[in-house]
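Source file work.tsv; content: TSV, C-alpha atoms.
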```tsv
chain	number	residue	atom	x	y	z
L	1	MET	CA	102.25	93.05	88.30
L	2	ILE	CA	99.73	95.45	86.85
L	3	ALA	CA	100.55	96.37	83.27
L	4	GLY	CA	98.84	97.12	80.01
L	5	PRO	CA	99.44	98.27	76.45
L	6	THR	CA	98.46	101.83	77.39
L	7	PRO	CA	98.59	103.79	80.66
L	8	GLN	CA	94.80	103.85	80.63
L	9	ASP	CA	94.66	100.05	80.47
L	10	ALA	CA	97.06	99.63	83.37
L	11	ALA	CA	95.21	102.18	85.48
L	12	GLN	CA	91.86	100.58	84.64
L	13	THR	CA	93.13	97.21	85.87
L	14	LEU	CA	93.99	98.71	89.25
L	15	ARG	CA	90.63	100.49	89.41
L	16	ASP	CA	88.75	97.26	88.72
L	17	LEU	CA	90.71	95.27	91.30
L	18	PHE	CA	90.34	98.03	93.87
L	19	GLN	CA	86.62	98.37	93.28
L	20	ARG	CA	86.07	94.64	93.61
L	21	ALA	CA	88.05	94.46	96.85
L	22	LEU	CA	86.36	97.49	98.36
L	23	ALA	CA	82.92	96.22	97.36
L	24	CYS	CA	83.51	93.27	99.69
L	25	VAL	CA	83.06	95.53	102.72
L	26	THR	CA	81.24	98.69	101.66
L	27	SER	CA	79.83	100.73	98.84
L	28	GLY	CA	80.67	104.29	97.93
L	29	VAL	CA	82.93	106.40	95.84
L	30	VAL	CA	86.63	106.02	95.11
L	31	SER	CA	88.30	109.24	93.99
L	32	LEU	CA	91.18	109.49	91.58
L	33	GLN	CA	93.32	112.56	92.17
L	34	ALA	CA	96.15	113.57	89.87
L	35	VAL	CA	99.29	114.41	91.84
L	36	PRO	CA	101.66	114.66	88.87
L	37	PRO	CA	103.53	112.63	87.93
L	38	GLU	CA	101.63	110.23	90.16
L	39	THR	CA	97.97	109.49	90.86
L	40	ASP	CA	96.23	108.98	94.19
L	41	LEU	CA	93.43	106.52	94.59
L	42	VAL	CA	91.49	107.81	97.58
L	43	VAL	CA	88.82	106.24	99.76
L	44	SER	CA	87.17	107.87	102.73
L	45	LEU	CA	84.12	105.90	103.74
L	46	SER	CA	82.12	104.99	106.79
L	47	VAL	CA	81.72	101.25	107.35
L	48	ALA	CA	79.01	99.74	109.52
L	49	ALA	CA	80.26	97.10	111.95
L	50	PRO	CA	78.41	95.36	114.81
L	51	ARG	CA	80.21	97.55	117.38
L	52	GLY	CA	79.55	100.78	115.56
L	53	ARG	CA	80.66	102.63	112.50
L	54	HIS	CA	84.29	102.94	111.54
L	55	SER	CA	86.02	105.27	109.15
L	56	LEU	CA	88.02	103.63	106.40
L	57	ASN	CA	90.64	105.89	104.82
L	58	LEU	CA	92.88	104.73	102.01
L	59	ARG	CA	95.29	106.72	99.89
L	60	HIS	CA	97.23	104.64	97.40
L	61	ARG	CA	99.75	106.55	95.25
L	62	TYR	CA	100.99	105.07	92.00
L	63	LEU	CA	103.04	105.89	88.97
L	64	LEU	CA	102.60	104.64	85.41
L	65	VAL	CA	105.99	103.67	84.02
L	66	HIS	CA	106.66	103.29	80.31
L	67	GLU	CA	108.63	100.18	79.37
L	68	PRO	CA	109.25	100.66	75.64
L	69	ALA	CA	111.30	97.48	75.36
L	70	GLY	CA	108.62	95.32	76.99
L	71	ARG	CA	105.96	93.18	75.37
L	72	ARG	CA	103.21	95.27	73.87
L	73	ALA	CA	100.70	94.04	76.44
L	74	GLU	CA	102.99	95.18	79.26
L	75	ARG	CA	104.34	98.38	77.83
L	76	TRP	CA	102.92	100.42	80.71
L	77	ARG	CA	103.51	99.20	84.22
L	78	LEU	CA	101.81	100.45	87.34
L	79	GLN	CA	104.19	101.03	90.24
L	80	THR	CA	103.03	101.77	93.77
L	81	THR	CA	105.15	104.59	95.15
L	82	SER	CA	103.59	105.08	98.59
L	83	TYR	CA	100.41	104.56	100.58
L	84	MET	CA	98.49	105.20	103.77
L	85	TYR	CA	95.70	102.87	104.84
L	86	LYS	CA	94.02	104.00	108.03
L	87	LEU	CA	91.14	102.85	110.18
L	88	ASP	CA	89.51	105.23	112.65
L	89	ASP	CA	86.81	104.58	115.21
L	90	ARG	CA	83.55	106.52	115.09
L	91	GLU	CA	85.02	109.31	117.23
L	92	GLY	CA	87.74	109.78	114.65
L	93	ARG	CA	90.48	108.22	116.77
L	94	GLU	CA	92.97	106.18	114.83
L	95	ILE	CA	92.87	102.45	115.51
L	96	LEU	CA	95.68	101.47	113.19
L	97	ALA	CA	97.38	102.70	110.07
L	98	TYR	CA	99.67	101.11	107.52
L	99	HIS	CA	102.14	103.63	106.13
L	100	TRP	CA	104.75	103.68	103.42
L	101	HIS	CA	105.98	107.14	102.49
L	102	PRO	CA	109.56	107.01	101.23
L	103	ASP	CA	109.50	110.75	100.54
L	104	GLY	CA	107.65	112.02	103.60
L	105	LEU	CA	108.88	114.10	106.51
L	106	SER	CA	109.04	111.19	108.91
L	107	HIS	CA	112.44	109.64	109.49
L	108	GLU	CA	110.86	106.22	108.92
L	109	ARG	CA	110.86	105.60	105.16
L	110	ARG	CA	110.16	101.87	105.25
L	111	PRO	CA	106.68	100.30	105.36
L	112	HIS	CA	105.35	100.29	108.89
L	113	LEU	CA	102.27	100.09	111.08
L	114	HIS	CA	101.00	102.59	113.65
L	115	VAL	CA	98.72	101.55	116.47
L	116	GLY	CA	96.49	104.37	117.67
L	117	VAL	CA	94.50	105.26	120.75
L	118	GLY	CA	91.36	103.99	119.04
L	119	MET	CA	92.71	100.50	119.73
L	120	GLY	CA	92.15	101.01	123.46
L	121	ALA	CA	94.49	101.78	126.34
L	122	LEU	CA	97.85	102.55	124.82
L	123	ARG	CA	101.03	103.49	126.59
L	124	PRO	CA	101.85	107.01	125.31
L	125	GLU	CA	105.35	106.09	124.17
L	126	TRP	CA	103.89	103.56	121.73
L	127	GLN	CA	101.59	105.95	119.92
L	128	LYS	CA	104.41	107.15	117.65
L	129	ALA	CA	106.05	103.76	117.28
L	130	HIS	CA	106.80	102.55	113.74
L	131	LEU	CA	106.13	98.84	113.77
L	132	ARG	CA	107.95	97.68	110.69
L	133	THR	CA	106.07	95.61	108.13
L	134	GLY	CA	106.68	94.52	104.60
L	135	PRO	CA	104.79	96.46	101.97
L	136	VAL	CA	101.09	95.69	102.19
L	137	SER	CA	98.11	95.97	99.91
L	138	PRO	CA	94.87	97.72	100.99
L	139	SER	CA	93.45	94.29	101.66
L	140	ALA	CA	95.60	94.14	104.81
L	141	LEU	CA	93.14	96.61	106.30
L	142	LEU	CA	90.01	95.46	104.49
L	143	VAL	CA	90.36	91.93	105.80
L	144	LEU	CA	90.49	93.22	109.38
L	145	LEU	CA	87.06	94.74	108.92
L	146	ILE	CA	85.72	91.26	108.31
L	147	ASP	CA	87.93	89.20	110.62
L	148	GLN	CA	88.18	91.52	113.62
L	149	LEU	CA	85.27	93.92	113.42
L	150	GLY	CA	82.63	91.51	112.21
L	151	VAL	CA	81.67	93.37	109.06
L	152	SER	CA	79.58	91.03	106.94
L	153	PRO	CA	81.25	90.46	103.57
L	154	ARG	CA	79.09	91.84	100.78
L	155	ARG	CA	80.60	89.46	98.24
L	156	SER	CA	81.00	85.74	98.69
L	157	ALA	CA	84.30	85.78	96.79
L	158	TRP	CA	85.87	88.32	99.14
L	159	PHE	CA	88.91	86.22	99.92
L	160	ASP	CA	89.62	85.74	96.22
L	161	ASP	CA	89.06	89.42	95.50
L	162	PHE	CA	91.56	90.40	98.20
L	163	ALA	CA	94.08	87.82	97.00
L	164	ARG	CA	93.73	89.01	93.42
L	165	LEU	CA	94.49	92.57	94.48
L	166	ASP	CA	97.47	91.41	96.54
L	167	ARG	CA	98.92	89.42	93.68
L	168	ALA	CA	98.44	92.18	91.16
L	169	LEU	CA	100.04	94.86	93.31
L	170	ASP	CA	102.89	92.49	94.08
L	171	LEU	CA	104.34	94.71	96.78
L	172	SER	CA	106.52	92.00	98.30
H	1	MET	CA	82.79	116.88	95.16
H	2	ALA	CA	83.24	115.61	91.65
H	3	THR	CA	80.34	115.99	89.32
H	4	ASN	CA	80.70	113.12	86.89
H	5	PRO	CA	80.76	109.74	88.60
H	6	GLU	CA	81.04	106.91	86.16
H	7	PRO	CA	77.89	104.85	85.60
H	8	VAL	CA	77.11	102.19	88.18
H	9	ASP	CA	78.84	98.96	87.22
H	10	GLU	CA	77.09	95.92	88.68
H	11	ARG	CA	80.39	94.05	88.90
H	12	PHE	CA	81.41	96.35	91.73
H	13	ASP	CA	78.33	96.31	93.96
H	14	GLY	CA	77.89	100.04	94.24
H	15	VAL	CA	81.54	101.09	94.39
H	16	ARG	CA	82.11	103.82	91.82
H	17	VAL	CA	85.20	105.71	90.73
H	18	ILE	CA	85.32	109.41	90.00
H	19	GLU	CA	88.19	111.33	88.48
H	20	GLN	CA	88.48	114.60	90.33
H	21	THR	CA	89.77	117.87	88.98
H	22	PRO	CA	92.49	119.55	91.06
H	23	ASP	CA	89.88	121.93	92.47
H	24	GLU	CA	87.59	119.07	93.46
H	25	ALA	CA	90.46	117.22	95.09
H	26	TRP	CA	91.46	120.33	97.02
H	27	ALA	CA	87.84	120.86	98.14
H	28	ASP	CA	87.73	117.32	99.52
H	29	PHE	CA	91.06	117.89	101.23
H	30	ASP	CA	89.73	121.12	102.73
H	31	ALA	CA	86.73	119.28	104.15
H	32	ASP	CA	89.01	116.61	105.62
H	33	VAL	CA	91.31	119.19	107.23
H	34	ARG	CA	88.36	121.07	108.72
H	35	ARG	CA	86.91	117.86	110.14
H	36	ARG	CA	90.18	116.66	111.63
H	37	LEU	CA	91.91	119.89	112.73
H	38	GLY	CA	89.22	122.58	112.59
H	39	ILE	CA	91.19	124.78	110.20
H	40	SER	CA	91.05	125.30	106.46
H	41	ALA	CA	93.27	123.52	103.96
H	42	ASP	CA	94.92	126.82	103.10
H	43	GLN	CA	95.75	127.39	106.77
H	44	PHE	CA	97.12	123.88	107.04
H	45	ALA	CA	99.22	124.42	103.92
H	46	ARG	CA	100.68	127.65	105.28
H	47	ARG	CA	101.52	126.06	108.62
H	48	PHE	CA	102.97	122.96	107.00
H	49	ASP	CA	105.11	124.93	104.58
H	50	ALA	CA	106.30	127.13	107.45
H	51	GLY	CA	107.55	124.04	109.29
H	52	GLN	CA	104.98	124.19	112.05
H	53	TYR	CA	104.40	120.43	111.84
H	54	PRO	CA	107.99	119.24	112.23
H	55	ASP	CA	106.98	115.80	113.47
H	56	PRO	CA	103.94	114.48	111.59
H	57	ASP	CA	104.16	111.23	113.53
H	58	ALA	CA	103.14	113.10	116.67
H	59	ASP	CA	99.53	113.32	115.49
H	60	PRO	CA	97.83	110.69	113.31
H	61	ASP	CA	95.59	113.31	111.72
H	62	VAL	CA	98.53	115.51	110.76
H	63	SER	CA	100.33	112.49	109.40
H	64	TRP	CA	97.36	111.56	107.20
H	65	LEU	CA	96.83	115.11	106.00
H	66	ALA	CA	100.52	115.75	105.37
H	67	PHE	CA	100.73	112.74	103.09
H	68	ALA	CA	97.77	113.97	101.06
H	69	TYR	CA	99.09	117.51	101.00
H	70	LEU	CA	102.53	116.56	99.75
H	71	GLY	CA	100.81	115.17	96.65
H	72	LEU	CA	98.07	117.73	96.23
H	73	ARG	CA	100.33	120.75	96.59
H	74	ARG	CA	101.97	119.85	93.28
H	75	ASN	CA	98.71	120.98	91.67
H	76	HIS	CA	97.80	123.60	94.22
H	77	ALA	CA	101.06	125.47	93.82
H	78	ALA	CA	100.31	125.91	90.13
H	79	ARG	CA	96.90	127.53	90.70
```

Let me see the file written as C-alpha coordinates.
Amino acid sequence: MIAGPTPQDAAQTLRDLFQRALACVTSGVVSLQAVPPETDLVVSLSVAAPRGRHSLNLRHRYLLVHEPAGRRAERWRLQTTSYMYKLDDREGREILAYHWHPDGLSHERRPHLHVGVGMGALRPEWQKAHLRTGPVSPSALLVLLIDQLGVSPRRSAWFDDFARLDRALDLS
Amino acid sequence: MATNPEPVDERFDGVRVIEQTPDEAWADFDADVRRRLGISADQFARRFDAGQYPDPDADPDVSWLAFAYLGLRRNHAAR
(Lines of atoms letter the chains of each structure in order from A and count residues from 1; the text may use other names and numbers.)
(Lines give C-alpha, C1' and ligand atoms only; values in the text may rest on other atoms or scores of the structure.)
Protein backbone atom coordinates (compact mmCIF):
# COMPACT_ATOMS: atom_id res chain seq x y z
CA MET A 1 0.00 0.00 0.00
CA ILE A 2 1.16 3.51 -0.78
CA ALA A 3 0.06 5.97 1.87
CA GLY A 4 1.28 9.06 3.65
CA PRO A 5 0.27 11.76 6.10
CA THR A 6 -0.50 14.13 3.23
CA PRO A 7 -1.57 13.59 -0.39
CA GLN A 8 1.77 15.02 -1.46
CA ASP A 9 3.64 12.42 0.58
CA ALA A 10 1.66 9.53 -0.87
CA ALA A 11 2.10 10.82 -4.41
CA GLN A 12 5.82 11.37 -3.85
CA THR A 13 6.22 7.75 -2.75
CA LEU A 14 4.72 6.54 -6.02
CA ARG A 15 6.88 8.95 -8.00
CA ASP A 16 10.05 7.71 -6.31
CA LEU A 17 9.18 4.05 -6.82
CA PHE A 18 8.20 4.66 -10.43
CA GLN A 19 11.36 6.62 -11.17
CA ARG A 20 13.56 3.93 -9.67
CA ALA A 21 11.83 1.17 -11.64
CA LEU A 22 11.92 3.09 -14.90
CA ALA A 23 15.57 4.01 -14.40
CA CYS A 24 16.37 0.29 -14.60
CA VAL A 25 15.69 0.31 -18.34
CA THR A 26 15.86 3.88 -19.63
CA SER A 27 16.22 7.53 -18.79
CA GLY A 28 13.85 10.32 -19.66
CA VAL A 29 10.90 12.25 -18.42
CA VAL A 30 7.80 11.06 -16.59
CA SER A 31 4.85 13.44 -16.88
CA LEU A 32 2.23 13.98 -14.25
CA GLN A 33 -1.10 15.07 -15.72
CA ALA A 34 -4.03 16.13 -13.58
CA VAL A 35 -7.25 14.44 -14.73
CA PRO A 36 -9.42 15.49 -11.78
CA PRO A 37 -10.13 13.90 -9.45
CA GLU A 38 -7.37 11.54 -10.55
CA THR A 39 -3.80 11.93 -11.76
CA ASP A 40 -2.07 10.25 -14.68
CA LEU A 41 1.54 9.25 -14.53
CA VAL A 42 2.63 9.13 -18.16
CA VAL A 43 5.69 7.69 -19.86
CA SER A 44 6.36 7.72 -23.56
CA LEU A 45 9.96 6.82 -24.22
CA SER A 46 12.11 5.10 -26.78
CA VAL A 47 14.17 2.21 -25.41
CA ALA A 48 17.24 0.83 -27.16
CA ALA A 49 17.31 -2.96 -27.41
CA PRO A 50 19.71 -5.23 -29.34
CA ARG A 51 17.07 -5.80 -32.04
CA GLY A 52 16.20 -2.16 -32.42
CA ARG A 53 14.41 0.57 -30.59
CA HIS A 54 11.06 0.03 -28.96
CA SER A 55 8.49 2.49 -27.74
CA LEU A 56 7.50 2.20 -24.11
CA ASN A 57 4.16 3.80 -23.26
CA LEU A 58 2.75 3.79 -19.76
CA ARG A 59 -0.28 5.61 -18.39
CA HIS A 60 -1.01 4.86 -14.76
CA ARG A 61 -4.08 6.58 -13.30
CA TYR A 62 -4.46 6.98 -9.55
CA LEU A 63 -6.61 8.60 -6.95
CA LEU A 64 -5.59 9.94 -3.55
CA VAL A 65 -8.13 8.82 -0.98
CA HIS A 66 -8.50 10.49 2.41
CA GLU A 67 -8.81 8.08 5.33
CA PRO A 68 -9.52 10.39 8.28
CA ALA A 69 -9.87 7.51 10.72
CA GLY A 70 -6.53 5.96 9.77
CA ARG A 71 -3.17 6.34 11.43
CA ARG A 72 -1.66 9.73 10.80
CA ALA A 73 1.10 8.24 8.64
CA GLU A 74 -1.50 6.58 6.42
CA ARG A 75 -4.15 9.24 6.30
CA TRP A 76 -3.87 9.54 2.52
CA ARG A 77 -3.89 6.38 0.48
CA LEU A 78 -3.00 6.07 -3.17
CA GLN A 79 -5.42 3.92 -5.15
CA THR A 80 -4.78 2.80 -8.71
CA THR A 81 -7.98 3.26 -10.69
CA SER A 82 -6.87 2.16 -14.17
CA TYR A 83 -3.84 1.77 -16.40
CA MET A 84 -2.48 1.06 -19.84
CA TYR A 85 1.06 -0.24 -20.29
CA LYS A 86 1.98 -0.68 -23.93
CA LEU A 87 5.04 -1.72 -25.89
CA ASP A 88 5.35 -0.86 -29.58
CA ASP A 89 8.01 -1.85 -32.06
CA ARG A 90 10.01 0.81 -33.89
CA GLU A 91 7.40 1.03 -36.65
CA GLY A 92 4.80 1.89 -34.03
CA ARG A 93 3.05 -1.48 -34.18
CA GLU A 94 1.81 -2.71 -30.85
CA ILE A 95 3.60 -5.78 -29.51
CA LEU A 96 1.59 -6.14 -26.34
CA ALA A 97 -0.43 -4.04 -23.97
CA TYR A 98 -1.70 -4.53 -20.44
CA HIS A 99 -5.04 -2.79 -19.92
CA TRP A 100 -7.33 -2.12 -17.02
CA HIS A 101 -10.00 0.49 -17.71
CA PRO A 102 -13.10 -0.17 -15.62
CA ASP A 103 -14.76 2.96 -17.01
CA GLY A 104 -13.74 2.75 -20.66
CA LEU A 105 -15.83 2.09 -23.74
CA SER A 106 -14.68 -1.47 -24.14
CA HIS A 107 -16.99 -4.18 -22.85
CA GLU A 108 -14.01 -5.73 -21.07
CA ARG A 109 -13.67 -3.98 -17.70
CA ARG A 110 -11.33 -6.47 -16.05
CA PRO A 111 -7.53 -6.40 -16.30
CA HIS A 112 -6.39 -8.00 -19.53
CA LEU A 113 -3.60 -8.31 -22.07
CA HIS A 114 -3.65 -7.54 -25.79
CA VAL A 115 -1.19 -9.12 -28.17
CA GLY A 116 -0.53 -6.97 -31.23
CA VAL A 117 0.78 -7.42 -34.74
CA GLY A 118 4.18 -6.19 -33.58
CA MET A 119 4.58 -9.60 -31.96
CA GLY A 120 4.78 -11.23 -35.40
CA ALA A 121 2.31 -13.21 -37.47
CA LEU A 122 -1.01 -12.99 -35.69
CA ARG A 123 -4.29 -14.50 -36.72
CA PRO A 124 -6.62 -11.51 -37.26
CA GLU A 125 -9.28 -12.78 -34.89
CA TRP A 126 -6.79 -12.64 -32.01
CA GLN A 127 -5.82 -9.02 -32.43
CA LYS A 128 -8.84 -7.84 -30.42
CA ALA A 129 -8.73 -10.67 -27.91
CA HIS A 130 -8.78 -9.73 -24.21
CA LEU A 131 -6.49 -12.20 -22.51
CA ARG A 132 -7.52 -11.89 -18.91
CA THR A 133 -4.86 -11.20 -16.30
CA GLY A 134 -4.86 -10.13 -12.71
CA PRO A 135 -4.03 -6.49 -12.11
CA VAL A 136 -0.39 -5.84 -12.93
CA SER A 137 2.16 -3.21 -12.07
CA PRO A 138 4.21 -1.39 -14.75
CA SER A 139 7.04 -3.75 -13.92
CA ALA A 140 5.16 -6.49 -15.79
CA LEU A 141 6.18 -4.68 -18.96
CA LEU A 142 9.52 -3.32 -17.79
CA VAL A 143 10.81 -6.76 -16.93
CA LEU A 144 10.05 -7.98 -20.45
CA LEU A 145 12.40 -5.36 -21.83
CA ILE A 146 15.21 -7.03 -19.91
CA ASP A 147 14.15 -10.68 -20.09
CA GLN A 148 12.82 -10.86 -23.65
CA LEU A 149 14.30 -7.95 -25.55
CA GLY A 150 17.77 -8.02 -24.07
CA VAL A 151 17.82 -4.47 -22.74
CA SER A 152 20.78 -4.15 -20.41
CA PRO A 153 19.61 -3.19 -16.92
CA ARG A 154 20.93 0.23 -15.98
CA ARG A 155 20.73 -0.55 -12.27
CA SER A 156 22.08 -3.65 -10.60
CA ALA A 157 19.15 -3.70 -8.17
CA TRP A 158 16.56 -3.82 -10.94
CA PHE A 159 14.82 -6.90 -9.62
CA ASP A 160 14.45 -5.34 -6.19
CA ASP A 161 13.27 -2.05 -7.66
CA PHE A 162 10.56 -3.84 -9.64
CA ALA A 163 9.53 -5.92 -6.64
CA ARG A 164 9.34 -2.83 -4.46
CA LEU A 165 7.01 -1.15 -6.93
CA ASP A 166 4.88 -4.29 -7.17
CA ARG A 167 4.54 -4.57 -3.42
CA ALA A 168 3.74 -0.92 -2.94
CA LEU A 169 1.05 -0.83 -5.62
CA ASP A 170 -0.40 -4.04 -4.21
CA LEU A 171 -2.74 -4.54 -7.13
CA SER A 172 -3.46 -8.19 -6.35
CA MET B 1 6.22 20.28 -23.32
CA ALA B 2 6.46 21.26 -19.70
CA THR B 3 8.89 23.96 -18.82
CA ASN B 4 9.93 23.17 -15.28
CA PRO B 5 11.40 19.71 -14.89
CA GLU B 6 12.50 19.00 -11.38
CA PRO B 7 16.25 18.99 -10.75
CA VAL B 8 18.12 15.84 -11.68
CA ASP B 9 18.09 13.43 -8.75
CA GLU B 10 21.02 11.02 -8.86
CA ARG B 11 18.94 8.33 -7.15
CA PHE B 12 16.93 7.96 -10.33
CA ASP B 13 19.66 7.74 -12.98
CA GLY B 14 18.33 10.43 -15.26
CA VAL B 15 14.60 9.78 -14.90
CA ARG B 16 12.88 13.05 -14.07
CA VAL B 17 9.29 13.93 -13.29
CA ILE B 18 7.49 16.99 -14.58
CA GLU B 19 4.08 18.22 -13.53
CA GLN B 20 2.29 19.40 -16.64
CA THR B 21 -0.34 22.08 -16.87
CA PRO B 22 -3.56 21.08 -18.66
CA ASP B 23 -2.35 22.92 -21.76
CA GLU B 24 0.98 21.11 -21.73
CA ALA B 25 -0.74 17.76 -21.29
CA TRP B 26 -3.09 18.52 -24.17
CA ALA B 27 -0.14 19.57 -26.37
CA ASP B 28 1.57 16.24 -25.69
CA PHE B 29 -1.68 14.43 -26.43
CA ASP B 30 -2.01 16.37 -29.69
CA ALA B 31 1.49 15.30 -30.73
CA ASP B 32 0.67 11.67 -29.90
CA VAL B 33 -2.58 11.75 -31.88
CA ARG B 34 -0.86 13.31 -34.89
CA ARG B 35 1.89 10.68 -34.79
CA ARG B 36 -0.49 7.75 -34.46
CA LEU B 37 -3.52 8.81 -36.53
CA GLY B 38 -2.37 11.81 -38.56
CA ILE B 39 -5.10 14.09 -37.21
CA SER B 40 -5.15 16.71 -34.48
CA ALA B 41 -6.27 16.09 -30.92
CA ASP B 42 -9.24 18.38 -31.47
CA GLN B 43 -10.29 16.33 -34.50
CA PHE B 44 -9.89 13.13 -32.52
CA ALA B 45 -11.96 14.60 -29.69
CA ARG B 46 -14.76 15.60 -32.05
CA ARG B 47 -14.83 12.19 -33.69
CA PHE B 48 -14.67 10.36 -30.37
CA ASP B 49 -17.44 12.43 -28.83
CA ALA B 50 -19.55 11.90 -31.96
CA GLY B 51 -19.27 8.13 -31.50
CA GLN B 52 -17.09 7.55 -34.53
CA TYR B 53 -14.85 5.18 -32.58
CA PRO B 54 -17.49 2.77 -31.27
CA ASP B 55 -15.03 -0.07 -30.79
CA PRO B 56 -11.70 1.19 -29.43
CA ASP B 57 -10.43 -2.38 -29.26
CA ALA B 58 -10.43 -2.50 -33.06
CA ASP B 59 -7.31 -0.34 -33.23
CA PRO B 60 -4.55 -0.33 -30.58
CA ASP B 61 -3.74 3.31 -31.28
CA VAL B 62 -7.36 4.39 -30.81
CA SER B 63 -7.55 2.34 -27.65
CA TRP B 64 -4.45 4.05 -26.23
CA LEU B 65 -5.59 7.52 -27.23
CA ALA B 66 -9.15 7.01 -26.02
CA PHE B 67 -7.92 6.09 -22.56
CA ALA B 68 -5.83 9.25 -22.39
CA TYR B 69 -8.63 11.37 -23.80
CA LEU B 70 -11.23 10.16 -21.32
CA GLY B 71 -9.02 11.60 -18.58
CA LEU B 72 -7.75 14.70 -20.34
CA ARG B 73 -11.15 15.85 -21.55
CA ARG B 74 -12.15 16.55 -17.95
CA ASN B 75 -9.75 19.49 -18.14
CA HIS B 76 -10.18 20.22 -21.81
CA ALA B 77 -13.93 20.61 -21.54
CA ALA B 78 -13.41 23.38 -18.99
CA ARG B 79 -11.14 25.46 -21.25

| Atomic separation - CA of Ser46 (chain L) relative to CA of Cys24 (chain L), Å |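 Separation of CA of Cys24 (chain L) and CA of Ser46 (chain L): 13.8 Å.
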
Counting only C-alpha atoms, which residues from chain L have an atom at most 6 Å from any atom of chain H, and could you show them as a count of residues only?
12

Could you tell me which of L:Val47, L:Ser55, L:Glu74, L:Arg132 comes closest to Ile2 (chain L) if we count only C-alpha atoms?
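Closest to Ile2 (chain L), using only C-alpha atoms: L:Glu74.
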
Open item on the list: I want to know what sits within 12 Å of Trp126 (chain L), based on all atoms listed in the file, with residues of the same chain fewer than 6 positions away left out; could you give that as a VMD selection string?
Closed with: (chain L and resid 113 to 117 119) or (chain H and resid 57 to 58)

| task | Report the distance between CA of Leu96 (chain L) and CA of Arg53 (chain L) in Å, rounded to one decimal place. | result |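 One can read the CA of Leu96 (chain L) to CA of Arg53 (chain L) distance as 15.1 Å.
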